[in-house]
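Next comes my_file-v1.txt, a file with compact mmCIF, C-alpha atoms.
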```
# COMPACT_ATOMS: atom_id res chain seq x y z
CA MET C 1 95.76 116.56 92.34
CA LYS C 2 98.66 114.17 92.85
CA LEU C 3 99.36 111.33 95.27
CA ARG C 4 102.37 109.22 96.06
CA PHE C 5 103.38 105.89 97.53
CA ALA C 6 106.81 106.09 99.14
CA PRO C 7 108.19 102.71 100.25
CA SER C 8 111.67 102.21 101.65
CA PRO C 9 113.64 99.45 99.88
CA THR C 10 114.57 97.73 103.14
CA GLY C 11 112.37 94.65 102.67
CA TYR C 12 109.63 93.10 100.60
CA LEU C 13 106.17 94.66 100.42
CA HIS C 14 103.64 92.95 102.66
CA VAL C 15 99.89 93.41 102.81
CA GLY C 16 100.19 96.26 105.33
CA ASN C 17 102.10 98.64 103.10
CA ALA C 18 100.43 97.22 99.98
CA ARG C 19 97.14 98.44 101.47
CA LEU C 20 98.55 101.99 101.46
CA ALA C 21 99.72 101.59 97.87
CA VAL C 22 96.24 100.40 96.86
CA ALA C 23 94.57 103.27 98.72
CA ASN C 24 96.78 105.91 97.11
CA PHE C 25 96.42 104.43 93.63
CA LEU C 26 92.64 103.95 93.74
CA PHE C 27 92.07 107.36 95.34
CA ALA C 28 94.22 109.00 92.67
CA ARG C 29 92.62 107.22 89.74
CA HIS C 30 89.10 107.72 91.12
CA ASN C 31 89.76 111.47 91.02
CA GLY C 32 91.64 111.49 87.72
CA ALA C 33 94.88 112.34 89.54
CA LYS C 34 98.50 111.35 89.01
CA PHE C 35 100.19 108.61 91.03
CA LEU C 36 103.87 108.87 91.91
CA LEU C 37 106.10 106.03 93.11
CA ARG C 38 108.91 107.44 95.26
CA ILE C 39 111.66 105.18 96.53
CA ASP C 40 112.86 106.44 99.93
CA ASP C 41 116.37 105.05 99.65
CA THR C 42 118.44 107.43 101.74
CA ASP C 43 119.08 104.69 104.32
CA THR C 44 122.00 103.11 102.49
CA SER C 45 122.84 100.82 105.41
CA ARG C 46 119.59 98.84 105.07
CA GLY C 47 118.33 99.56 101.56
CA LYS C 48 119.09 97.02 98.83
CA PRO C 49 118.63 97.21 95.03
CA GLU C 50 116.88 93.83 95.02
CA TYR C 51 114.22 95.20 97.34
CA GLU C 52 113.63 98.19 95.08
CA GLU C 53 113.30 95.85 92.12
CA ALA C 54 110.87 93.67 94.07
CA ILE C 55 108.73 96.70 94.99
CA GLY C 56 108.31 97.61 91.34
CA LYS C 57 107.56 94.00 90.43
CA ASP C 58 104.95 93.64 93.17
CA LEU C 59 103.16 96.88 92.32
CA SER C 60 103.15 96.03 88.62
CA TRP C 61 101.76 92.58 89.40
CA LEU C 62 98.94 94.19 91.37
CA GLY C 63 98.22 96.47 88.42
CA LEU C 64 99.17 99.69 90.23
CA LYS C 65 100.74 101.66 87.39
CA TRP C 66 102.61 104.80 88.35
CA ASP C 67 102.92 107.98 86.31
CA GLU C 68 106.27 109.10 87.77
CA TYR C 69 109.18 107.32 89.43
CA VAL C 70 111.61 109.10 91.76
CA ARG C 71 114.51 107.96 93.94
CA GLN C 72 115.48 110.09 96.91
CA SER C 73 119.11 109.09 96.40
CA GLU C 74 119.04 111.11 93.17
CA ARG C 75 117.90 114.29 94.96
CA LEU C 76 120.69 114.71 97.50
CA ASP C 77 121.88 118.02 96.01
CA ARG C 78 118.39 119.46 96.41
CA TYR C 79 118.25 118.30 100.03
CA ALA C 80 121.62 119.90 100.75
CA GLU C 81 120.36 123.18 99.33
CA VAL C 82 117.29 123.18 101.60
CA ILE C 83 119.33 122.14 104.63
CA GLU C 84 121.59 125.15 104.21
CA LYS C 85 118.52 127.39 103.92
CA LEU C 86 117.11 126.08 107.19
CA LYS C 87 120.46 126.50 108.90
CA ALA C 88 120.69 130.09 107.69
CA THR C 89 117.25 130.92 109.11
CA GLY C 90 118.08 129.30 112.43
CA ARG C 91 115.42 126.60 112.18
CA LEU C 92 118.10 123.90 111.99
CA TYR C 93 120.53 124.08 114.87
CA PRO C 94 123.60 121.96 115.69
CA CYS C 95 123.61 119.56 118.63
CA PHE C 96 126.71 117.87 120.02
CA GLU C 97 125.26 115.55 122.67
CA THR C 98 126.15 111.89 122.41
CA GLU C 99 123.50 109.19 122.57
CA TYR C 100 124.70 108.41 126.10
CA GLU C 101 124.22 112.03 127.16
CA LEU C 102 120.77 112.21 125.59
CA ASN C 103 119.68 109.02 127.37
CA ALA C 104 120.92 110.40 130.68
CA LYS C 105 118.94 113.62 130.12
CA ARG C 106 115.84 111.67 129.23
CA GLU C 107 116.05 109.51 132.34
CA ALA C 108 116.64 112.56 134.55
CA ARG C 109 113.51 114.27 133.19
CA ILE C 110 111.45 111.14 133.79
CA ARG C 111 112.70 110.92 137.39
CA ALA C 112 111.77 114.58 137.84
CA GLY C 113 108.26 113.89 136.59
CA LYS C 114 108.77 115.81 133.37
CA ALA C 115 107.99 114.78 129.80
CA PRO C 116 111.03 113.04 128.26
CA ILE C 117 111.50 115.57 125.46
CA TYR C 118 114.65 117.31 124.35
CA ASP C 119 115.51 120.36 126.50
CA ARG C 120 116.89 122.50 123.64
CA ALA C 121 120.12 123.02 125.55
CA MET C 122 122.07 123.39 122.32
CA LEU C 123 120.05 126.46 121.36
CA LYS C 124 122.05 128.30 124.01
CA LEU C 125 125.36 127.23 122.49
CA THR C 126 127.63 130.19 121.72
CA ALA C 127 129.77 130.43 118.62
CA ASP C 128 132.84 129.97 120.80
CA GLN C 129 131.45 126.83 122.44
CA ARG C 130 130.58 125.38 119.05
CA ALA C 131 134.06 126.11 117.73
CA ARG C 132 135.65 124.37 120.73
CA ALA C 133 133.40 121.35 120.30
CA GLU C 134 134.31 121.03 116.65
CA ALA C 135 138.00 121.56 117.47
CA ASN C 136 137.72 118.59 119.82
CA GLY C 137 136.52 116.42 116.93
CA LYS C 138 132.81 116.51 117.66
CA THR C 139 130.45 116.48 114.69
CA PRO C 140 126.94 117.83 115.27
CA HIS C 141 123.63 116.37 114.31
CA TRP C 142 120.99 118.95 113.40
CA ARG C 143 117.60 119.44 115.00
CA PHE C 144 114.64 121.40 113.68
CA ARG C 145 113.30 124.02 116.08
CA LEU C 146 109.57 123.42 116.21
CA SER C 147 107.14 126.29 116.44
CA ASP C 148 105.11 127.00 119.55
CA GLY C 149 101.47 125.98 119.60
CA SER C 150 99.77 123.23 117.63
CA ARG C 151 99.27 122.11 114.07
CA LYS C 152 95.75 121.16 113.07
CA TRP C 153 94.18 119.68 109.97
CA ASN C 154 90.93 118.11 108.83
CA ASP C 155 91.80 114.51 108.08
CA LEU C 156 89.83 112.65 105.40
CA VAL C 157 89.63 109.59 107.68
CA MET C 158 90.33 110.75 111.25
CA ASP C 159 88.38 114.05 110.96
CA GLU C 160 89.83 116.87 113.10
CA CYS C 161 93.43 116.19 114.13
CA SER C 162 95.75 118.28 116.27
CA VAL C 163 99.39 117.85 117.30
CA LYS C 164 100.81 119.93 120.16
CA LEU C 165 104.32 120.78 119.03
CA THR C 166 105.50 121.88 122.47
CA ALA C 167 104.96 118.30 123.68
CA ILE C 168 107.38 116.90 121.08
CA SER C 169 111.16 116.89 120.97
CA ASP C 170 112.73 119.00 118.24
CA PRO C 171 113.32 116.27 115.63
CA VAL C 172 116.75 115.38 114.31
CA LEU C 173 116.61 116.00 110.56
CA VAL C 174 120.30 115.58 109.66
CA ARG C 175 122.57 112.95 111.16
CA GLY C 176 126.12 113.60 112.30
CA ASP C 177 127.43 112.07 109.07
CA GLY C 178 125.39 114.58 107.06
CA THR C 179 122.70 112.18 105.83
CA ILE C 180 119.17 113.52 105.72
CA LEU C 181 116.34 111.81 107.58
CA TYR C 182 112.95 110.87 106.16
CA THR C 183 111.06 113.56 108.06
CA LEU C 184 112.74 116.35 106.09
CA ALA C 185 113.41 114.61 102.78
CA SER C 186 109.76 113.63 102.46
CA VAL C 187 108.55 117.22 102.97
CA ILE C 188 110.99 118.56 100.38
CA ASP C 189 109.88 115.92 97.88
CA ASP C 190 106.18 116.48 98.48
CA LEU C 191 106.59 120.22 97.95
CA ASP C 192 108.91 119.98 94.94
CA LEU C 193 106.99 117.22 93.18
CA GLY C 194 103.56 118.79 93.58
CA ILE C 195 101.99 116.25 95.92
CA THR C 196 98.57 117.47 97.06
CA HIS C 197 97.13 114.53 99.02
CA ILE C 198 99.07 112.34 101.44
CA VAL C 199 97.46 109.01 102.35
CA ARG C 200 99.38 106.97 104.91
CA GLY C 201 99.10 105.04 108.18
CA GLU C 202 97.85 106.49 111.44
CA ASP C 203 101.28 105.88 112.96
CA HIS C 204 102.31 109.05 111.09
CA VAL C 205 99.81 111.37 112.78
CA THR C 206 102.36 112.97 115.15
CA ASN C 207 104.88 113.09 112.33
CA THR C 208 102.32 114.92 110.20
CA GLY C 209 102.15 117.77 112.72
CA VAL C 210 105.92 118.07 112.60
CA GLN C 211 106.04 117.95 108.81
CA ILE C 212 103.37 120.63 108.46
CA ASP C 213 105.59 122.86 110.60
CA ILE C 214 108.62 122.06 108.44
CA ALA C 215 106.67 122.71 105.23
CA GLU C 216 105.58 126.13 106.50
CA ALA C 217 109.19 126.90 107.48
CA LEU C 218 110.05 126.24 103.83
CA GLY C 219 107.44 128.71 102.65
CA ALA C 220 104.43 126.47 102.16
CA LYS C 221 101.02 127.96 102.82
CA PRO C 222 98.87 126.55 105.65
CA ASN C 223 96.80 123.55 104.53
CA ARG C 224 99.14 123.02 101.59
CA PHE C 225 98.49 119.26 101.86
CA THR C 226 95.37 117.23 102.40
CA PHE C 227 95.93 114.26 104.69
CA ALA C 228 94.24 110.91 105.19
CA HIS C 229 95.54 108.60 107.90
CA LEU C 230 94.37 105.01 107.60
CA PRO C 231 94.13 102.96 110.81
CA LEU C 232 96.76 100.26 111.03
CA LEU C 233 96.10 96.86 109.53
CA LEU C 234 96.62 94.22 112.20
CA ASP C 235 97.44 90.54 111.87
CA SER C 236 94.99 87.81 112.85
CA ASP C 237 96.15 87.99 116.48
CA GLY C 238 95.69 91.75 116.72
CA GLY C 239 99.40 92.57 116.39
CA LYS C 240 100.96 95.05 114.01
CA LEU C 241 101.85 93.66 110.61
CA SER C 242 105.58 93.57 110.06
CA LYS C 243 108.05 92.91 107.28
CA ARG C 244 109.01 89.85 109.34
CA PHE C 245 105.75 88.13 108.35
CA ASP C 246 107.11 86.50 105.20
CA SER C 247 103.86 84.62 104.59
CA LEU C 248 102.08 87.96 104.12
CA ALA C 249 104.63 89.37 101.71
CA LEU C 250 103.23 89.96 98.22
CA LYS C 251 106.05 87.83 96.88
CA SER C 252 104.80 84.88 98.95
CA LEU C 253 101.14 85.45 98.10
CA ARG C 254 102.03 85.53 94.40
CA GLN C 255 103.97 82.26 94.70
CA ASP C 256 101.06 80.70 96.60
CA GLY C 257 98.79 81.39 93.65
CA LEU C 258 96.64 84.29 94.75
CA GLU C 259 95.17 86.49 92.05
CA PRO C 260 96.38 90.12 92.11
CA MET C 261 92.86 91.53 91.80
CA SER C 262 91.74 89.39 94.73
CA ILE C 263 94.35 91.14 96.84
CA VAL C 264 93.52 94.60 95.46
CA SER C 265 89.79 93.98 95.96
CA TYR C 266 90.33 92.86 99.53
CA LEU C 267 92.74 95.64 100.52
CA ALA C 268 90.46 98.25 98.95
CA ARG C 269 87.62 97.26 101.28
CA VAL C 270 89.23 95.89 104.47
CA GLY C 271 88.56 98.17 107.42
CA SER C 272 85.77 100.03 105.61
CA SER C 273 81.98 100.02 105.62
CA ASP C 274 82.00 98.26 102.23
CA ASP C 275 81.90 94.46 102.09
CA PRO C 276 84.84 92.88 100.23
CA GLN C 277 83.95 91.58 96.80
CA VAL C 278 85.88 90.58 93.71
CA MET C 279 86.25 93.55 91.37
CA THR C 280 88.07 94.41 88.19
CA MET C 281 90.51 97.29 88.46
CA ASP C 282 88.06 99.64 86.72
CA GLU C 283 85.34 98.62 89.18
CA ALA C 284 87.67 99.11 92.15
CA ILE C 285 88.64 102.58 90.92
CA ALA C 286 85.04 103.63 90.34
CA ALA C 287 83.87 102.34 93.73
CA TYR C 288 86.71 103.59 95.94
CA ASP C 289 85.58 106.06 98.60
CA ILE C 290 88.10 106.97 101.29
CA SER C 291 85.34 108.39 103.48
CA HIS C 292 84.11 104.82 103.98
CA VAL C 293 87.33 103.84 105.80
CA SER C 294 86.73 103.23 109.50
CA LYS C 295 88.67 105.03 112.24
CA SER C 296 89.23 101.69 113.96
CA ALA C 297 92.04 99.28 113.19
CA ALA C 298 91.17 96.40 110.87
CA ARG C 299 92.43 92.83 110.97
CA PHE C 300 93.83 91.08 107.95
CA ASP C 301 91.76 87.91 107.53
CA MET C 302 93.48 85.37 105.30
CA THR C 303 90.35 83.21 105.26
CA GLN C 304 88.37 86.09 103.78
CA LEU C 305 91.07 86.80 101.20
CA LEU C 306 91.16 83.14 100.17
CA ALA C 307 87.37 83.15 99.80
CA LEU C 308 87.64 86.15 97.47
CA ASN C 309 90.39 84.43 95.54
CA ARG C 310 88.27 81.31 95.18
CA ARG C 311 85.40 83.34 93.73
CA ALA C 312 87.77 85.17 91.40
CA LEU C 313 89.20 81.95 89.97
CA HIS C 314 85.85 80.23 89.68
CA SER C 315 84.60 83.07 87.48
CA LEU C 316 87.82 83.51 85.48
CA PRO C 317 87.21 82.99 81.74
CA PHE C 318 89.54 80.72 79.80
CA GLU C 319 91.37 83.53 77.99
CA ALA C 320 92.22 85.20 81.31
CA ALA C 321 93.17 81.86 82.90
CA LYS C 322 95.65 80.88 80.17
CA ALA C 323 98.56 82.46 82.06
CA HIS C 324 98.01 79.91 84.84
CA LEU C 325 97.49 76.85 82.62
CA PRO C 326 99.88 74.41 80.95
CA PRO C 327 100.37 75.28 77.26
CA GLU C 328 98.45 72.18 76.20
CA ALA C 329 95.40 72.95 78.33
CA ASP C 330 92.19 73.81 76.51
CA GLU C 331 88.95 75.45 77.57
CA THR C 332 87.33 72.10 78.33
CA PHE C 333 89.98 71.35 80.92
CA TRP C 334 89.66 74.78 82.54
CA ASN C 335 85.88 74.62 82.69
CA ALA C 336 86.16 71.17 84.27
CA VAL C 337 88.55 72.10 87.08
CA ARG C 338 88.10 75.79 87.85
CA GLY C 339 85.26 75.20 90.31
CA ASN C 340 87.69 73.17 92.43
CA VAL C 341 90.62 75.58 92.41
CA ASP C 342 91.16 77.95 95.34
CA LEU C 343 94.67 79.02 94.28
CA SER C 344 96.22 79.04 90.83
CA ALA C 345 99.09 77.00 92.32
CA GLU C 346 96.63 74.08 92.55
CA ILE C 347 96.05 73.93 88.78
CA PRO C 348 99.12 71.75 88.00
CA HIS C 349 97.76 69.12 90.38
CA TRP C 350 94.52 68.80 88.42
CA TRP C 351 96.50 68.67 85.18
CA ASP C 352 98.35 65.68 86.62
CA VAL C 353 95.04 64.12 87.64
CA VAL C 354 93.78 64.40 84.08
CA HIS C 355 96.95 63.84 82.04
CA GLY C 356 99.74 62.79 84.39
CA THR C 357 100.29 60.23 87.10
CA ILE C 358 98.72 59.81 90.52
CA VAL C 359 99.22 57.49 93.48
CA PRO C 360 95.83 55.91 94.30
CA PRO C 361 95.12 55.13 97.96
CA SER C 362 94.74 51.53 99.09
CA GLN C 363 91.10 50.37 99.19
CA PRO C 364 91.28 46.68 100.21
CA GLU C 365 87.59 46.53 101.12
CA ASP C 366 86.67 47.80 97.64
CA ARG C 367 89.09 45.72 95.58
CA ALA C 368 86.41 43.41 94.25
CA PHE C 369 84.20 46.34 93.36
CA LEU C 370 87.03 48.07 91.48
CA GLN C 371 87.58 44.84 89.52
CA GLN C 372 83.90 44.91 88.59
CA ALA C 373 84.36 48.52 87.49
CA LEU C 374 87.27 47.50 85.28
CA ASP C 375 85.38 44.56 83.82
CA THR C 376 82.32 46.67 82.98
CA LEU C 377 84.19 49.69 81.59
CA PRO C 378 82.64 50.55 78.20
CA ALA C 379 84.66 50.07 75.06
CA GLU C 380 85.61 53.01 72.86
CA PRO C 381 84.49 55.25 71.32
CA TRP C 382 83.36 57.23 74.34
CA GLY C 383 80.75 59.95 74.27
CA GLU C 384 78.61 62.11 76.53
CA ASP C 385 76.66 59.09 77.87
CA THR C 386 79.68 56.90 78.64
CA TRP C 387 79.85 57.73 82.34
CA LYS C 388 76.09 57.39 82.82
CA ASP C 389 76.01 54.02 81.03
CA TRP C 390 78.99 52.72 82.99
CA ALA C 391 77.59 53.86 86.34
CA ASN C 392 74.21 52.23 85.64
CA THR C 393 75.82 48.96 84.57
CA LEU C 394 78.09 48.96 87.60
CA LYS C 395 75.16 49.76 89.90
CA GLU C 396 73.27 46.70 88.68
CA ALA C 397 76.31 44.44 88.84
CA SER C 398 77.44 45.46 92.32
CA GLY C 399 74.21 46.47 94.00
CA ARG C 400 75.90 49.68 95.15
CA LYS C 401 74.61 53.20 94.80
CA GLY C 402 75.35 56.73 95.95
CA ARG C 403 78.56 57.32 97.87
CA THR C 404 79.48 53.65 98.10
CA LEU C 405 79.46 53.52 94.30
CA PHE C 406 81.10 56.82 93.42
CA MET C 407 83.70 57.36 96.18
CA PRO C 408 85.85 54.26 95.45
CA LEU C 409 85.86 55.25 91.78
CA ARG C 410 86.82 58.85 92.56
CA LEU C 411 89.67 57.73 94.83
CA ALA C 412 90.89 55.25 92.25
CA LEU C 413 90.72 57.60 89.28
CA THR C 414 91.86 60.86 90.89
CA GLY C 415 93.50 60.01 94.21
CA GLU C 416 91.19 62.61 95.81
CA ASP C 417 87.95 62.33 97.80
CA ALA C 418 86.55 65.49 96.16
CA GLY C 419 86.98 67.32 92.90
CA PRO C 420 85.50 67.98 89.47
CA GLU C 421 82.56 65.95 88.18
CA LEU C 422 83.66 62.42 87.31
CA HIS C 423 81.68 62.36 84.07
CA VAL C 424 83.78 65.31 82.83
CA LEU C 425 87.09 63.93 84.10
CA LEU C 426 86.40 60.55 82.52
CA GLY C 427 86.15 62.11 79.08
CA LEU C 428 89.34 64.09 79.60
CA MET C 429 91.34 61.11 80.89
CA GLY C 430 90.28 58.66 78.18
CA ARG C 431 89.84 54.91 78.36
CA GLU C 432 93.51 53.90 78.37
CA ARG C 433 94.37 56.05 81.42
CA THR C 434 91.15 55.01 83.16
CA VAL C 435 92.04 51.33 82.73
CA SER C 436 95.58 51.92 84.00
CA ARG C 437 94.37 53.71 87.12
CA LEU C 438 91.78 51.09 87.95
CA ARG C 439 94.44 48.41 87.72
CA ASP C 440 96.80 50.45 89.91
CA ALA C 441 94.03 50.96 92.45
CA ILE C 442 93.25 47.22 92.52
CA GLN C 443 96.88 46.43 93.19
CA ALA C 444 97.45 49.27 95.72
```
Conversion result in C-alpha cells:
Amino acid sequence: MKLRFAPSPTGYLHVGNARLAVANFLFARHNGAKFLLRIDDTDTSRGKPEYEEAIGKDLSWLGLKWDEYVRQSERLDRYAEVIEKLKATGRLYPCFETEYELNAKREARIRAGKAPIYDRAMLKLTADQRARAEANGKTPHWRFRLSDGSRKWNDLVMDECSVKLTAISDPVLVRGDGTILYTLASVIDDLDLGITHIVRGEDHVTNTGVQIDIAEALGAKPNRFTFAHLPLLLDSDGGKLSKRFDSLALKSLRQDGLEPMSIVSYLARVGSSDDPQVMTMDEAIAAYDISHVSKSAARFDMTQLLALNRRALHSLPFEAAKAHLPPEADETFWNAVRGNVDLSAEIPHWWDVVHGTIVPPSQPEDRAFLQQALDTLPAEPWGEDTWKDWANTLKEASGRKGRTLFMPLRLALTGEDAGPELHVLLGLMGRERTVSRLRDAIQA
C-alpha cells in the first residue's frame, strides 16, 4: 500500500491542499503504508523553486514526513517513451485546430443544442492532410481517444462513482510544444511508482474516470487504484479556498503563531463525523478513519482552529514550549502565562510585561489610589504572601475591594485589562519594576 501527495509548485500551500496532504499521510501511516511526495513541476511557466522549497518546509513543519521524493521534471524521458507508445497504438492522435477554431466549434454545438465536446474531427485526418498541415508550419497537440462506455469505481468516501466517457471531450495530453499535461503524467507516475490509493479532492472525480481509461490503455488491470475523493473545503463564506487567500497559507498561519499539531488535528477531523480535538501525531494516526469523512463540503472555521490552538498551548509542557520562549524564560514564566496565550506569537508580549517595558494607560480617576498602592508596597524580600499582604493593606487603606481594587493595579502593572494572575506576575516582575510601573501609571 502506497499513497502520494502531489502539489504543484505554483504557490504556497494553504489549508485546502494541506488537508489533502494530512489525509494522505494519516491514511498511509494508519495502515502502515508508504507516503510519497511528488512535485508536479512540468508547468515551467508558473512553477518556481521557492514554492517547491516552501512546500517541503510547510509539510516538515506539520510533521508530515515522506518516504520518497520525486520531481516530474526528472521523469521527462519516461513520459516521452509512454507518449510514443500511445501514439503507436492510435490512442494519442494529432490535432491541428487553433484555439479560435475550437471555440467556434464549441459555440456552434451549443447553438445546435449539442453538448460542447470535441467532435473528433482530427481522427478522420489522412496522412496526406497531416503532411500538408505540418508543411504549412502547423504543430499538433495530441488528444487521447477515450473508450466508449463508462468507468466506475467504489470510492472510499463517495461510494459508487461513474463517469460516462462519451460525454467528455477527448483530453489533450500533450501540448503543441511537446510538454506533457498533468492528466497523463500523473497516471504514468502512479503506475511506475507503485501508488495503490489515491486520495484527492472531489473536483477530480471526472478526471478520475479519464485517468482510469488512460491507465488501462497503458496495460493496467481494472481497479488498479483505490480512490477516495474528499469534498471540497470551503472558506467561511462558502466559496472555494484558493491560493489567493494568503491569510490561510500555512506560511501565514505559522507566522501568526499557530501550532502545527493544532492544524493537523483540525484538518484531520474537519468535514467528518468526528469532533475536532487536539491530538499528538501518534493519536491522529491511530484515530484516522477515512470512512468518517462526510460526502458534503465542509467549511474552514478559523474560530474553531484558534480554539484548538488555544487548548494546545494551554496544555503544552515547558520542554515542548521552549522553542517559542525567549532563551532566558524559565518554567515559572511559562506556567504563569500559558493560560493566557492563544497564539505563540503572543508570548513575546507577556515577556515584555514581565521583564520589559510597557505603556500604562491613563487612569486620572485612580491616581490617588495608585499613590496609595505605591506607598503601601511591601519592602523586600518578597515571598508567596507578598501579594496577599499588599492587597489586604491596600483594601483597608482605600476602602476598595473587588474589581475597583484589582483593575487599576492590573492596568498599571501590565497595561492590560486581563491576563495572568497578579500574584504570580508580581513575583516575576520584582519590587523595583513594580515601583517603576506604579510611578509611570501615576504620571500617565
Please identify all polymer residues within 10 Å of Leu306 in chain C, counting all atoms listed in the file, omitting same-chain residues fewer than 2 positions from it, and present them as a PDB file with C-alpha atoms, in the frame of the given file.
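Writing the result to around_26.pdb gives the following:
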```pdb
ATOM      1  CA  LEU C 258      96.640  84.290  94.750  1.00  0.00           C
ATOM      2  CA  GLU C 259      95.170  86.490  92.050  1.00  0.00           C
ATOM      3  CA  SER C 262      91.740  89.390  94.730  1.00  0.00           C
ATOM      4  CA  ILE C 263      94.350  91.140  96.840  1.00  0.00           C
ATOM      5  CA  TYR C 266      90.330  92.860  99.530  1.00  0.00           C
ATOM      6  CA  ASP C 301      91.760  87.910 107.530  1.00  0.00           C
ATOM      7  CA  MET C 302      93.480  85.370 105.300  1.00  0.00           C
ATOM      8  CA  THR C 303      90.350  83.210 105.260  1.00  0.00           C
ATOM      9  CA  GLN C 304      88.370  86.090 103.780  1.00  0.00           C
ATOM     10  CA  LEU C 308      87.640  86.150  97.470  1.00  0.00           C
ATOM     11  CA  ASN C 309      90.390  84.430  95.540  1.00  0.00           C
ATOM     12  CA  ARG C 310      88.270  81.310  95.180  1.00  0.00           C
ATOM     13  CA  ARG C 311      85.400  83.340  93.730  1.00  0.00           C
ATOM     14  CA  ALA C 312      87.770  85.170  91.400  1.00  0.00           C
ATOM     15  CA  ASP C 342      91.160  77.950  95.340  1.00  0.00           C
ATOM     16  CA  LEU C 343      94.670  79.020  94.280  1.00  0.00           C
TER      17      LEU C 343
END
```
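The gap separating CA of Pro7 in chain C from CA of Gly56 in chain C is 10.3 Å, in Å to one decimal.
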Name the closest residue to Ile188 in chain C among the candidates C:Gly149, C:Gly430, C:Gly201, C:Gly219; distances are taken between atoms, counting only C-alpha atoms.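 Nearest to Ile188 in chain C: C:Gly219.
Coordinates place CA of Ile168 in chain C at a distance of 17.5 Å from CA of Ala112 in chain C.
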Please return as a compact mmCIF listing (two decimals) with C-alpha atoms, in the coordinates of the input every residue within 10 Å of (90.2, 111.5, 92.2), taking into account all atoms listed in the file and the file's own coordinates.
```txt
# COMPACT_ATOMS: atom_id res chain seq x y z
CA MET C 1 95.76 116.56 92.34
CA LYS C 2 98.66 114.17 92.85
CA LEU C 3 99.36 111.33 95.27
CA ASN C 24 96.78 105.91 97.11
CA PHE C 25 96.42 104.43 93.63
CA LEU C 26 92.64 103.95 93.74
CA PHE C 27 92.07 107.36 95.34
CA ALA C 28 94.22 109.00 92.67
CA ARG C 29 92.62 107.22 89.74
CA HIS C 30 89.10 107.72 91.12
CA ASN C 31 89.76 111.47 91.02
CA GLY C 32 91.64 111.49 87.72
CA ALA C 33 94.88 112.34 89.54
CA LYS C 34 98.50 111.35 89.01
CA ILE C 285 88.64 102.58 90.92
CA ALA C 286 85.04 103.63 90.34
CA TYR C 288 86.71 103.59 95.94
CA ASP C 289 85.58 106.06 98.60
```
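Candidate residues C:Thr226, C:Thr98, C:Ser186, C:Asn340 were compared for distance to Asp40 in chain C, and the nearest is C:Ser186, using all atoms listed in the file.
Minimum atom-to-atom distance to Cys161 in chain C, evaluated using all atoms listed in the file, belongs to C:Phe227 out of C:Leu370, C:Phe227, C:Ser147, C:Leu191.
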Env of range 42-54 of chain C: 7 Å cut, atoms = all atoms listed in the file, seq-sep filter 2 positions within chain, self excluded. Answer as a PyMOL selection string. chain C and resi 9-12+40+56-58+72-73
Atom-to-atom span, CA of Val70 in chain C and CA of Trp153 in chain C, Å: 27.3 Å
Which of these residues is nearest to Trp390 in chain C, using all atoms listed in the file: C:Ala412, C:Thr357, C:Leu20, C:Leu426?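 Nearest candidate to Trp390 in chain C out of C:Ala412, C:Thr357, C:Leu20, C:Leu426: C:Leu426.
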At a cut-off of 12 Å, using all atoms listed in the file, what residues contact Ser236 in chain C? Leave out same-chain residues fewer than 3 positions from it and give the result as a compact mmCIF listing (two decimals) with C-alpha atoms, in the frame of the given file.
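Dumped to around-v9.txt:
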```txt
# COMPACT_ATOMS: atom_id res chain seq x y z
CA LEU C 233 96.10 96.86 109.53
CA GLY C 239 99.40 92.57 116.39
CA LYS C 240 100.96 95.05 114.01
CA LEU C 241 101.85 93.66 110.61
CA PHE C 245 105.75 88.13 108.35
CA LEU C 248 102.08 87.96 104.12
CA ALA C 297 92.04 99.28 113.19
CA ALA C 298 91.17 96.40 110.87
CA ARG C 299 92.43 92.83 110.97
CA PHE C 300 93.83 91.08 107.95
CA ASP C 301 91.76 87.91 107.53
CA MET C 302 93.48 85.37 105.30
CA THR C 303 90.35 83.21 105.26
CA GLN C 304 88.37 86.09 103.78
```
Skip Ile358 in chain C itself and residues of its chain fewer than 2 positions away, then list as an NGL selection string all residues within 8 Å of it, counting only C-alpha atoms. :C and (352-353 or 356 or 360 or 414-415)
